[in-house]
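The data block below is target27.csv; it holds CSV, C-alpha atoms and all ligand atoms.
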chain,number,residue,atom,x,y,z
A,1,MET,CA,13.6,-55.4,13.1
A,2,THR,CA,13.1,-57.9,10.3
A,3,ALA,CA,9.8,-59.4,9.5
A,4,ALA,CA,11.1,-62.8,10.6
A,5,ALA,CA,12.1,-61.6,14.0
A,6,LYS,CA,8.7,-59.9,14.6
A,7,GLN,CA,7.0,-61.9,17.4
A,8,VAL,CA,3.6,-60.4,18.3
A,9,PRO,CA,1.1,-60.2,15.4
A,10,ASP,CA,0.0,-56.6,15.2
A,11,SER,CA,-2.6,-54.8,13.0
A,12,GLU,CA,0.0,-54.4,10.3
A,13,TRP,CA,0.6,-58.1,10.3
A,14,LEU,CA,-3.1,-58.8,10.1
A,15,ALA,CA,-3.6,-56.5,7.2
A,16,LYS,CA,-0.8,-58.3,5.4
A,17,LEU,CA,-2.3,-61.7,6.1
A,18,GLN,CA,-5.8,-60.5,4.9
A,19,SER,CA,-4.4,-59.0,1.7
A,20,GLY,CA,-3.1,-62.5,0.8
A,21,HIS,CA,0.6,-62.0,1.5
A,22,ARG,CA,2.0,-65.5,0.9
A,23,THR,CA,5.0,-65.5,3.2
A,24,THR,CA,2.9,-64.1,6.1
A,25,LEU,CA,0.3,-66.9,5.5
A,26,ALA,CA,3.0,-69.6,5.2
A,27,ARG,CA,4.7,-68.5,8.4
A,28,ALA,CA,1.4,-68.3,10.3
A,29,ILE,CA,0.4,-71.8,9.2
A,30,THR,CA,3.8,-73.2,10.2
A,31,ALA,CA,3.5,-71.6,13.6
A,32,VAL,CA,0.1,-73.0,14.4
A,33,GLU,CA,1.0,-76.4,12.9
A,34,ASN,CA,4.1,-76.7,15.1
A,35,GLU,CA,2.4,-75.0,18.1
A,36,THR,CA,5.4,-72.7,18.4
A,37,ALA,CA,5.6,-70.1,21.2
A,38,GLY,CA,4.0,-67.5,19.0
A,39,ALA,CA,1.1,-69.7,17.9
A,40,GLY,CA,-1.2,-68.6,20.7
A,41,ASP,CA,-0.8,-64.9,19.7
A,42,ILE,CA,-1.6,-65.7,16.1
A,43,ILE,CA,-4.7,-67.6,17.1
A,44,SER,CA,-5.9,-64.7,19.3
A,45,ALA,CA,-5.2,-62.2,16.6
A,46,ILE,CA,-7.1,-64.0,13.9
A,47,HIS,CA,-10.1,-65.1,16.0
A,48,PRO,CA,-12.2,-62.0,15.5
A,49,HIS,CA,-11.7,-62.3,11.8
A,50,LEU,CA,-13.0,-65.8,11.0
A,51,GLY,CA,-16.1,-66.8,9.1
A,52,HIS,CA,-15.3,-65.8,5.6
A,53,ALA,CA,-14.3,-69.1,4.0
A,54,HIS,CA,-16.6,-72.0,2.9
A,55,VAL,CA,-14.7,-75.1,4.1
A,56,VAL,CA,-15.2,-78.1,1.8
A,57,GLY,CA,-13.9,-81.6,2.8
A,58,PHE,CA,-13.1,-84.3,0.3
A,59,THR,CA,-12.8,-87.8,1.7
A,60,GLY,CA,-13.1,-91.4,0.2
A,61,PRO,CA,-11.0,-94.5,-0.4
A,62,PRO,CA,-7.5,-94.2,-1.7
A,63,GLY,CA,-7.3,-94.2,-5.5
A,64,ALA,CA,-10.8,-92.9,-6.0
A,65,GLY,CA,-9.3,-89.8,-7.6
A,66,LYS,CA,-9.7,-87.3,-4.8
A,67,SER,CA,-6.5,-85.4,-5.5
A,68,THR,CA,-7.2,-85.3,-9.2
A,69,LEU,CA,-10.7,-84.1,-8.4
A,70,VAL,CA,-9.6,-81.5,-5.9
A,71,SER,CA,-7.2,-80.1,-8.5
A,72,ALA,CA,-10.0,-79.9,-11.1
A,73,TYR,CA,-12.4,-78.3,-8.5
A,74,VAL,CA,-9.7,-75.8,-7.6
A,75,ALA,CA,-9.4,-74.9,-11.4
A,76,GLU,CA,-13.2,-74.5,-11.5
A,77,LEU,CA,-13.2,-72.2,-8.5
A,78,ARG,CA,-10.4,-70.1,-10.0
A,79,LYS,CA,-12.5,-69.7,-13.2
A,80,ARG,CA,-15.2,-68.3,-10.9
A,81,ASP,CA,-12.6,-65.8,-9.5
A,82,LEU,CA,-12.6,-67.3,-6.0
A,83,THR,CA,-9.4,-67.6,-4.0
A,84,VAL,CA,-8.6,-71.1,-2.6
A,85,GLY,CA,-6.7,-72.7,0.2
A,86,VAL,CA,-6.0,-76.4,0.1
A,87,VAL,CA,-5.1,-78.5,3.2
A,88,ALA,CA,-4.0,-82.0,2.3
A,89,VAL,CA,-4.1,-84.2,5.3
A,90,ASP,CA,-2.1,-87.5,5.6
A,91,PRO,CA,-3.0,-89.2,8.9
A,92,SER,CA,-1.1,-92.4,8.2
A,93,SER,CA,2.3,-90.8,7.5
A,94,PRO,CA,5.4,-92.7,6.2
A,95,LEU,CA,3.6,-95.4,4.3
A,96,THR,CA,1.5,-93.0,2.3
A,97,GLY,CA,4.3,-90.5,1.8
A,98,GLY,CA,3.9,-91.4,-1.9
A,99,ALA,CA,0.3,-90.3,-1.9
A,100,ILE,CA,1.2,-86.8,-0.7
A,101,LEU,CA,4.0,-86.6,-3.2
A,102,GLY,CA,1.5,-87.5,-5.9
A,103,ASP,CA,-0.8,-84.9,-4.6
A,104,ARG,CA,2.0,-82.3,-4.7
A,105,ILE,CA,2.7,-83.2,-8.3
A,106,ARG,CA,-1.0,-82.9,-9.2
A,107,MET,CA,-1.3,-79.5,-7.5
A,108,THR,CA,1.6,-78.2,-9.5
A,109,ALA,CA,-1.0,-77.3,-12.1
A,110,HIS,CA,-1.7,-74.4,-9.8
A,111,THR,CA,1.8,-73.3,-8.9
A,112,GLY,CA,2.4,-69.7,-9.8
A,113,ASP,CA,-1.3,-68.9,-9.3
A,114,GLU,CA,-1.4,-66.3,-6.5
A,115,GLY,CA,-5.0,-67.3,-5.8
A,116,VAL,CA,-4.2,-70.9,-4.7
A,117,PHE,CA,-2.3,-71.7,-1.5
A,118,VAL,CA,-1.6,-75.4,-0.8
A,119,ARG,CA,-0.3,-76.9,2.5
A,120,SER,CA,0.2,-80.6,3.3
A,121,LEU,CA,-0.1,-81.7,6.9
A,122,ALA,CA,1.8,-84.8,8.1
A,123,SER,CA,0.4,-86.9,10.9
A,124,ARG,CA,3.2,-86.6,13.3
A,125,GLY,CA,3.7,-84.2,16.2
A,126,HIS,CA,0.2,-82.8,16.6
A,127,LEU,CA,-0.1,-82.4,20.3
A,128,GLY,CA,-3.8,-81.9,20.4
A,129,GLY,CA,-4.6,-84.3,17.6
A,130,LEU,CA,-4.7,-84.1,13.9
A,131,SER,CA,-8.2,-82.7,13.5
A,132,ARG,CA,-7.4,-79.8,15.9
A,133,THR,CA,-4.3,-78.9,14.0
A,134,ALA,CA,-6.2,-79.1,10.7
A,135,ALA,CA,-8.9,-76.8,12.2
A,136,ARG,CA,-6.2,-74.3,13.2
A,137,VAL,CA,-4.7,-74.3,9.7
A,138,ILE,CA,-8.1,-73.8,8.2
A,139,ASP,CA,-8.7,-70.9,10.6
A,140,VAL,CA,-5.5,-69.2,9.4
A,141,MET,CA,-6.5,-69.7,5.7
A,142,ASP,CA,-9.9,-68.4,6.6
A,143,ALA,CA,-8.4,-65.3,8.3
A,144,ALA,CA,-6.3,-64.8,5.2
A,145,ARG,CA,-9.6,-64.4,3.3
A,146,ARG,CA,-9.5,-67.4,1.2
A,147,ASP,CA,-13.0,-67.8,-0.3
A,148,VAL,CA,-12.9,-71.6,-0.2
A,149,VAL,CA,-10.7,-73.9,1.9
A,150,VAL,CA,-10.5,-77.4,0.5
A,151,VAL,CA,-9.5,-80.2,2.9
A,152,GLU,CA,-8.4,-83.4,1.3
A,153,THR,CA,-7.8,-86.6,3.3
A,154,VAL,CA,-5.9,-89.6,2.0
A,155,GLY,CA,-8.3,-92.3,2.9
A,156,ALA,CA,-11.7,-93.0,4.5
A,157,GLY,CA,-10.7,-94.2,8.0
A,158,GLN,CA,-11.9,-92.9,11.3
A,159,SER,CA,-9.3,-90.2,11.6
A,160,GLU,CA,-9.9,-89.0,8.1
A,161,VAL,CA,-13.7,-88.8,8.8
A,162,GLU,CA,-12.9,-86.8,11.9
A,163,VAL,CA,-10.9,-84.3,9.8
A,164,ALA,CA,-13.5,-84.2,7.1
A,165,GLU,CA,-16.2,-83.4,9.7
A,166,ILE,CA,-14.6,-80.0,10.4
A,167,ALA,CA,-15.8,-79.0,6.9
A,168,HIS,CA,-19.1,-77.2,6.2
A,169,THR,CA,-19.7,-79.3,3.1
A,170,LYS,CA,-18.5,-82.9,3.1
A,171,VAL,CA,-17.9,-84.5,-0.3
A,172,VAL,CA,-17.5,-88.3,-0.4
A,173,VAL,CA,-15.7,-89.5,-3.5
A,174,CYS,CA,-15.7,-93.1,-4.8
A,175,ALA,CA,-14.9,-94.9,-8.0
A,176,PRO,CA,-16.9,-97.4,-10.0
A,177,GLY,CA,-16.6,-101.1,-9.7
A,178,LEU,CA,-14.8,-101.4,-6.4
A,179,GLY,CA,-16.8,-103.6,-4.0
A,180,ASP,CA,-14.5,-102.5,-1.2
A,181,ASP,CA,-15.2,-99.0,-2.0
A,182,ILE,CA,-18.9,-99.4,-1.2
A,183,GLN,CA,-18.0,-101.3,1.9
A,184,ALA,CA,-15.8,-98.5,3.1
A,185,ILE,CA,-18.6,-96.0,2.4
A,186,LYS,CA,-21.1,-98.2,4.3
A,187,ALA,CA,-18.8,-98.2,7.3
A,188,GLY,CA,-19.8,-94.7,8.3
A,189,ILE,CA,-18.9,-92.1,5.8
A,190,LEU,CA,-22.2,-92.2,4.0
A,191,GLU,CA,-23.9,-90.5,7.0
A,192,ILE,CA,-21.5,-87.5,6.8
A,193,ALA,CA,-21.8,-87.0,3.1
A,194,ASP,CA,-23.4,-83.8,1.9
A,195,VAL,CA,-22.4,-84.5,-1.7
A,196,LEU,CA,-21.6,-88.0,-3.1
A,197,VAL,CA,-19.4,-88.3,-6.2
A,198,VAL,CA,-18.8,-91.3,-8.4
A,199,ASN,CA,-15.6,-90.2,-10.0
A,200,LYS,CA,-14.0,-92.0,-13.0
A,201,ALA,CA,-17.4,-91.8,-14.8
A,202,ASP,CA,-15.5,-92.6,-18.0
A,203,LEU,CA,-15.0,-96.2,-16.7
A,204,PRO,CA,-17.6,-98.9,-17.2
A,205,LEU,CA,-19.8,-99.7,-14.2
A,206,ALA,CA,-20.1,-96.0,-13.2
A,207,ASP,CA,-23.9,-96.2,-13.6
A,208,ARG,CA,-24.1,-99.2,-11.4
A,209,THR,CA,-22.2,-97.5,-8.6
A,210,VAL,CA,-24.4,-94.5,-8.9
A,211,LYS,CA,-27.5,-96.7,-8.5
A,212,GLN,CA,-26.0,-98.5,-5.6
A,213,LEU,CA,-25.2,-95.3,-3.8
A,214,LYS,CA,-28.7,-93.9,-4.5
A,215,GLY,CA,-30.1,-97.1,-3.0
A,216,MET,CA,-28.0,-96.8,0.1
A,217,LEU,CA,-28.9,-93.1,0.5
A,218,GLY,CA,-32.6,-94.0,0.3
A,219,LEU,CA,-32.1,-96.2,3.4
A,220,THR,CA,-30.8,-93.4,5.6
A,221,LYS,CA,-33.3,-90.8,6.9
A,222,ARG,CA,-32.3,-87.2,6.6
A,223,GLU,CA,-34.0,-83.9,7.2
A,224,GLY,CA,-33.6,-81.0,4.9
A,225,TRP,CA,-30.8,-81.4,2.4
A,226,THR,CA,-30.8,-84.5,0.3
A,227,PRO,CA,-27.2,-85.4,-0.8
A,228,PRO,CA,-27.0,-85.5,-4.6
A,229,VAL,CA,-25.1,-88.4,-6.3
A,230,LEU,CA,-22.9,-86.9,-9.0
A,231,ARG,CA,-20.7,-88.2,-11.7
A,232,THR,CA,-17.3,-86.7,-12.5
A,233,THR,CA,-14.3,-87.5,-14.7
A,234,ALA,CA,-11.6,-85.6,-12.8
A,235,THR,CA,-9.0,-86.2,-15.5
A,236,THR,CA,-11.0,-84.3,-18.1
A,237,GLY,CA,-12.9,-82.0,-15.8
A,238,GLU,CA,-16.3,-83.3,-16.9
A,239,GLY,CA,-19.0,-82.8,-14.3
A,240,VAL,CA,-16.8,-80.6,-12.1
A,241,ASP,CA,-18.8,-77.5,-12.8
A,242,THR,CA,-22.0,-79.2,-11.5
A,243,LEU,CA,-20.0,-80.4,-8.5
A,244,ALA,CA,-19.0,-76.8,-7.8
A,245,ASP,CA,-22.6,-75.7,-8.1
A,246,LYS,CA,-23.9,-78.4,-5.8
A,247,ILE,CA,-21.3,-77.6,-3.2
A,248,ASP,CA,-22.4,-74.0,-3.4
A,249,ASP,CA,-26.1,-75.0,-3.2
A,250,HIS,CA,-25.3,-76.9,0.0
A,251,ALA,CA,-23.7,-73.9,1.7
A,252,ASP,CA,-26.8,-71.8,0.8
A,253,ALA,CA,-29.2,-74.5,1.9
A,254,GLU,CA,-27.6,-74.8,5.2
A,255,GLY,CA,-28.0,-71.1,5.6
A,256,GLY,CA,-25.3,-69.2,7.3
A,257,LEU,CA,-22.9,-72.1,7.7
A,258,ARG,CA,-20.6,-70.5,5.2
A,259,ALA,CA,-20.3,-67.5,7.5
A,260,SER,CA,-20.0,-69.3,10.8
A,261,PRO,CA,-16.9,-70.9,12.2
A,262,VAL,CA,-18.9,-71.7,15.3
A,263,HIS,CA,-19.7,-75.3,14.3
A,264,ARG,CA,-16.1,-76.0,13.6
A,265,VAL,CA,-15.3,-75.0,17.2
A,266,GLN,CA,-18.3,-76.9,18.5
A,267,ARG,CA,-17.1,-80.1,16.8
A,268,LEU,CA,-13.7,-79.7,18.2
A,269,LEU,CA,-15.0,-79.1,21.7
A,270,ALA,CA,-17.2,-82.2,21.4
A,271,GLY,CA,-14.1,-84.3,20.4
A,272,ILE,CA,-11.9,-82.9,23.2
A,273,ALA,CA,-14.7,-83.3,25.8
A,274,ALA,CA,-15.5,-86.8,24.7
A,275,GLU,CA,-11.9,-87.8,25.0
A,276,ARG,CA,-11.7,-86.4,28.6
A,277,LEU,CA,-15.0,-88.1,29.6
A,278,LYS,CA,-13.7,-91.4,28.2
A,279,ARG,CA,-10.5,-91.1,30.3
A,280,ARG,CA,-12.4,-90.2,33.4
A,281,ILE,CA,-14.8,-93.1,33.1
A,282,GLU,CA,-11.9,-95.5,32.4
A,283,ARG,CA,-10.1,-94.3,35.5
A,284,GLN,CA,-13.2,-94.3,37.8
A,285,ASP,CA,-12.5,-96.9,40.5
A,286,ASP,CA,-15.3,-96.2,43.0
A,287,PRO,CA,-17.4,-99.2,44.1
A,288,ALA,CA,-20.5,-97.9,42.3
A,289,MET,CA,-18.7,-98.1,39.0
A,290,THR,CA,-17.5,-101.6,39.7
A,291,GLU,CA,-21.0,-102.6,40.7
A,292,LEU,CA,-22.4,-101.1,37.5
A,293,CYS,CA,-20.0,-103.1,35.3
A,294,GLU,CA,-20.8,-106.2,37.2
A,295,ALA,CA,-24.5,-105.6,36.6
A,296,VAL,CA,-23.8,-105.3,32.9
A,297,LEU,CA,-21.8,-108.5,32.9
A,298,ARG,CA,-24.7,-110.3,34.7
A,299,GLY,CA,-27.1,-109.0,32.0
A,300,ASP,CA,-29.1,-107.0,34.6
A,301,VAL,CA,-28.5,-103.6,32.9
A,302,GLY,CA,-28.2,-102.9,29.2
A,303,PHE,CA,-25.3,-100.9,27.8
A,304,ASP,CA,-27.3,-97.8,27.0
A,305,ALA,CA,-28.7,-97.5,30.5
A,306,ALA,CA,-25.4,-98.3,32.0
A,307,ALA,CA,-23.7,-95.6,30.0
A,308,SER,CA,-26.2,-93.0,31.2
A,309,ARG,CA,-25.6,-94.2,34.8
A,310,ALA,CA,-21.8,-94.0,34.3
A,311,LEU,CA,-22.2,-90.3,33.3
A,312,GLU,CA,-24.3,-89.7,36.4
A,313,LEU,CA,-21.6,-91.3,38.6
A,314,LEU,CA,-19.1,-89.0,36.9
A,315,VAL,CA,-21.1,-85.9,37.7
A,316,LYS,CA,-21.4,-86.9,41.3
A,317,SER,CA,-17.7,-87.8,41.7
A,318,LYS,CA,-15.5,-85.0,43.0
A,319,ASP,CA,-12.4,-85.3,40.8
B,1,LIG,N1,-10.0,-93.0,-15.8
B,1,LIG,C1,-9.9,-92.1,-14.8
B,1,LIG,N2,-8.9,-92.1,-14.0
B,1,LIG,C2,-8.8,-91.2,-13.0
B,1,LIG,C3,-9.9,-90.2,-12.8
B,1,LIG,N3,-9.6,-89.4,-11.8
B,1,LIG,C4,-8.4,-89.9,-11.3
B,1,LIG,N4,-7.9,-90.9,-12.0
B,1,LIG,C5,-6.7,-91.7,-11.8
B,1,LIG,O1,-6.8,-92.5,-10.6
B,1,LIG,C6,-5.5,-92.5,-10.0
B,1,LIG,C7,-5.7,-92.1,-8.5
B,1,LIG,O2,-6.0,-90.7,-8.5
B,1,LIG,P1,-5.7,-89.9,-7.2
B,1,LIG,O3,-6.3,-88.5,-7.5
B,1,LIG,O4,-4.3,-90.0,-6.7
B,1,LIG,O5,-6.7,-90.6,-6.1
B,1,LIG,P2,-6.7,-90.4,-4.5
B,1,LIG,O6,-5.9,-91.4,-3.9
B,1,LIG,O7,-8.2,-90.6,-4.2
B,1,LIG,O8,-6.2,-89.0,-4.2
B,1,LIG,C8,-4.6,-91.7,-10.8
B,1,LIG,O9,-3.8,-92.5,-11.6
B,1,LIG,C9,-5.5,-90.8,-11.6
B,1,LIG,O10,-5.0,-90.3,-12.8
B,1,LIG,C10,-11.0,-90.2,-13.8
B,1,LIG,O11,-11.9,-89.5,-13.7
B,1,LIG,N5,-11.0,-91.2,-14.7
B,2,MG,MG,-4.8,-88.2,-2.9

Kindly transcribe the structure held in the file into structure tokens.
Amino acid sequence: MTAAAKQVPDSEWLAKLQSGHRTTLARAITAVENETAGAGDIISAIHPHLGHAHVVGFTGPPGAGKSTLVSAYVAELRKRDLTVGVVAVDPSSPLTGGAILGDRIRMTAHTGDEGVFVRSLASRGHLGGLSRTAARVIDVMDAARRDVVVVETVGAGQSEVEVAEIAHTKVVVCAPGLGDDIQAIKAGILEIADVLVVNKADLPLADRTVKQLKGMLGLTKREGWTPPVLRTTATTGEGVDTLADKIDDHADAEGGLRASPVHRVQRLLAGIAAERLKRRIERQDDPAMTELCEAVLRGDVGFDAAASRALELLVKSKD
């Protein structure tokens, strides 16, 4: 029997995957990405072997220099003798096909390096949603004993933030002098940032952007870890060693995160459960729900209280 025809992943297969055999890894990723018949077996086989990789997400507005920075970060990790997996996610598909192509070209700096494995995910055809597929692909790279798995998204929209949230350490990248940039960051990704980067520090106005971000960070309350605001010039690699250090510090500060894929699963469960809950509340047609909505319309009940009541109604309903 040829390796290609082999269906059920056995211990020999697992050993091959864990030793970094590229074809085995590539095929396993393709299987979980396309949810082929064998995908379930692969997922069961790797589950007991997760928790090795530190998963680092890069998000931020298009053009901020994420791909260039990821490539420089990967080079830094390689200097430190760490193996790397890169998952480049493109949620918006055909329009940004060029961006992925550009990313591929930038990552060619690492072709031929056995320690770097890159996979791009397109947006189409993910039955359970893009973030679930991304999580599965990360799991496979984790089981293949990559030390660091880098997830790069194309932009900073909602679906990109969802994908980035799977990561242990979330790096938000922006560039100086873009008013819109700051707006995009204000619109929700500042809260998820563990490390903030002002890339293109070689350009004028970088200092101002750093100041702005520090100001904005000061406004949000946080416990424990305080996100640093760093400067990098991805094109020359300046500041990238400090970035790698801070990402590492974050994993250490959040004690045990690096070793635990549990929160990745928890996030996904939360997303799936929330989606189900939403559909059930939307479909609820019992009189109590109609009454509740009418009370909100009249201004008798606030949205917060009504949402709690809607959840109670759901628990009581039989379906
Ligand atoms: N001046 C300058 N240009 C940069 C830097 N990093 C990236 N770029 C350029 O910015 C453009 C967008 O970079 P890219 O990595 O594709 O951004 P992405 O869309 O966020 O992935 C490219 O032309 C890069 O060469 C930097 O540190 N300084
Ligand atoms: Mg890019």

Which polymer residues, whether protein, DNA or RNA, lie within 10 Å of the coordinate (-12.1, -78.5, -0.6) when you count all atoms listed in the file? List them as a PyMOL selection string, using the chain letters and numbers from the file. chain A and resi 54-59+69-71+73-74+84-88+148-153+164+167-171+247

How would you report the residues lying within 9 Å of ligand LIG 1 (chain B), as a short mmCIF file (atom, residue, chain, number, x, y, z; two decimals) with C-alpha atoms, in the frame of the given file, if you count only C-alpha atoms and all ligand atoms?
data_model
loop_
_atom_site.label_atom_id
_atom_site.label_comp_id
_atom_site.auth_asym_id
_atom_site.auth_seq_id
_atom_site.Cartn_x
_atom_site.Cartn_y
_atom_site.Cartn_z
CA THR A 59 -12.80 -87.80 1.70
CA GLY A 60 -13.10 -91.40 0.20
CA PRO A 61 -11.00 -94.50 -0.40
CA PRO A 62 -7.50 -94.20 -1.70
CA GLY A 63 -7.30 -94.20 -5.50
CA ALA A 64 -10.80 -92.90 -6.00
CA GLY A 65 -9.30 -89.80 -7.60
CA LYS A 66 -9.70 -87.30 -4.80
CA SER A 67 -6.50 -85.40 -5.50
CA THR A 68 -7.20 -85.30 -9.20
CA LEU A 69 -10.70 -84.10 -8.40
CA VAL A 70 -9.60 -81.50 -5.90
CA SER A 71 -7.20 -80.10 -8.50
CA ALA A 99 0.30 -90.30 -1.90
CA ILE A 100 1.20 -86.80 -0.70
CA GLY A 102 1.50 -87.50 -5.90
CA ASP A 103 -0.80 -84.90 -4.60
CA ARG A 106 -1.00 -82.90 -9.20
CA GLU A 152 -8.40 -83.40 1.30
CA THR A 153 -7.80 -86.60 3.30
CA VAL A 154 -5.90 -89.60 2.00
CA GLY A 155 -8.30 -92.30 2.90
CA VAL A 173 -15.70 -89.50 -3.50
CA CYS A 174 -15.70 -93.10 -4.80
CA ALA A 175 -14.90 -94.90 -8.00
CA VAL A 198 -18.80 -91.30 -8.40
CA ASN A 199 -15.60 -90.20 -10.00
CA LYS A 200 -14.00 -92.00 -13.00
CA ALA A 201 -17.40 -91.80 -14.80
CA ASP A 202 -15.50 -92.60 -18.00
CA LEU A 203 -15.00 -96.20 -16.70
CA THR A 232 -17.30 -86.70 -12.50
CA THR A 233 -14.30 -87.50 -14.70
CA ALA A 234 -11.60 -85.60 -12.80
CA THR A 235 -9.00 -86.20 -15.50
CA THR A 236 -11.00 -84.30 -18.10
CA GLY A 237 -12.90 -82.00 -15.80
CA GLU A 238 -16.30 -83.30 -16.90
#

Please determine, counting all atoms listed in the file, which residue among A:Ser308, A:Ser120, A:Thr133, A:Ser11 has the shortest atom-to-atom distance to ligand MG 2 (chain B). A:Ser120

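Taking CA of Arg146 (chain A) and CA of Thr83 (chain A) as the two end points, the separation is 5.2 Å.
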
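Between CA of Asp139 (chain A) and CA of Ser159 (chain A) the separation is 19.3 Å.
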
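Take CA of Val89 (chain A) and CA of Leu121 (chain A): the distance between them is 5.0 Å.
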
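With distances restricted to all atoms listed in the file, A:Leu311 is the closest residue to Ala274 (chain A) from A:Leu311, A:Ile46, A:Leu196, A:Val32.
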
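Proximity ranking of A:Ala53, A:Val140, A:Ala37, A:Leu243 relative to Leu25 (chain A) places A:Val140 first, based on all atoms listed in the file.
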
Pro227 (chain A): which residues within 12 Å, counting all atoms listed in the file, same-chain residues fewer than 2 positions away excluded, as a PyMOL selection string? chain A and resi 169-172+190-197+213-214+216-218+220-225+229-230+243+246-247+249-250+253

Excluding same-chain residues fewer than 6 positions from Pro176 (chain A), what lies within 6 Å of it counting all atoms listed in the file, as a ChimeraX atom specification? /A:205-206,209

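Nearest residue to Leu130 (chain A), choosing from A:Ile272, A:Asp10, A:Leu219, A:Ala31 and counting all atoms listed in the file: A:Ile272.
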
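The shortest atom-to-atom distance to Val8 (chain A), with all atoms listed in the file taken into account, belongs to A:Ile42 out of A:Ile42, A:Ala244, A:Leu269, A:Val296.
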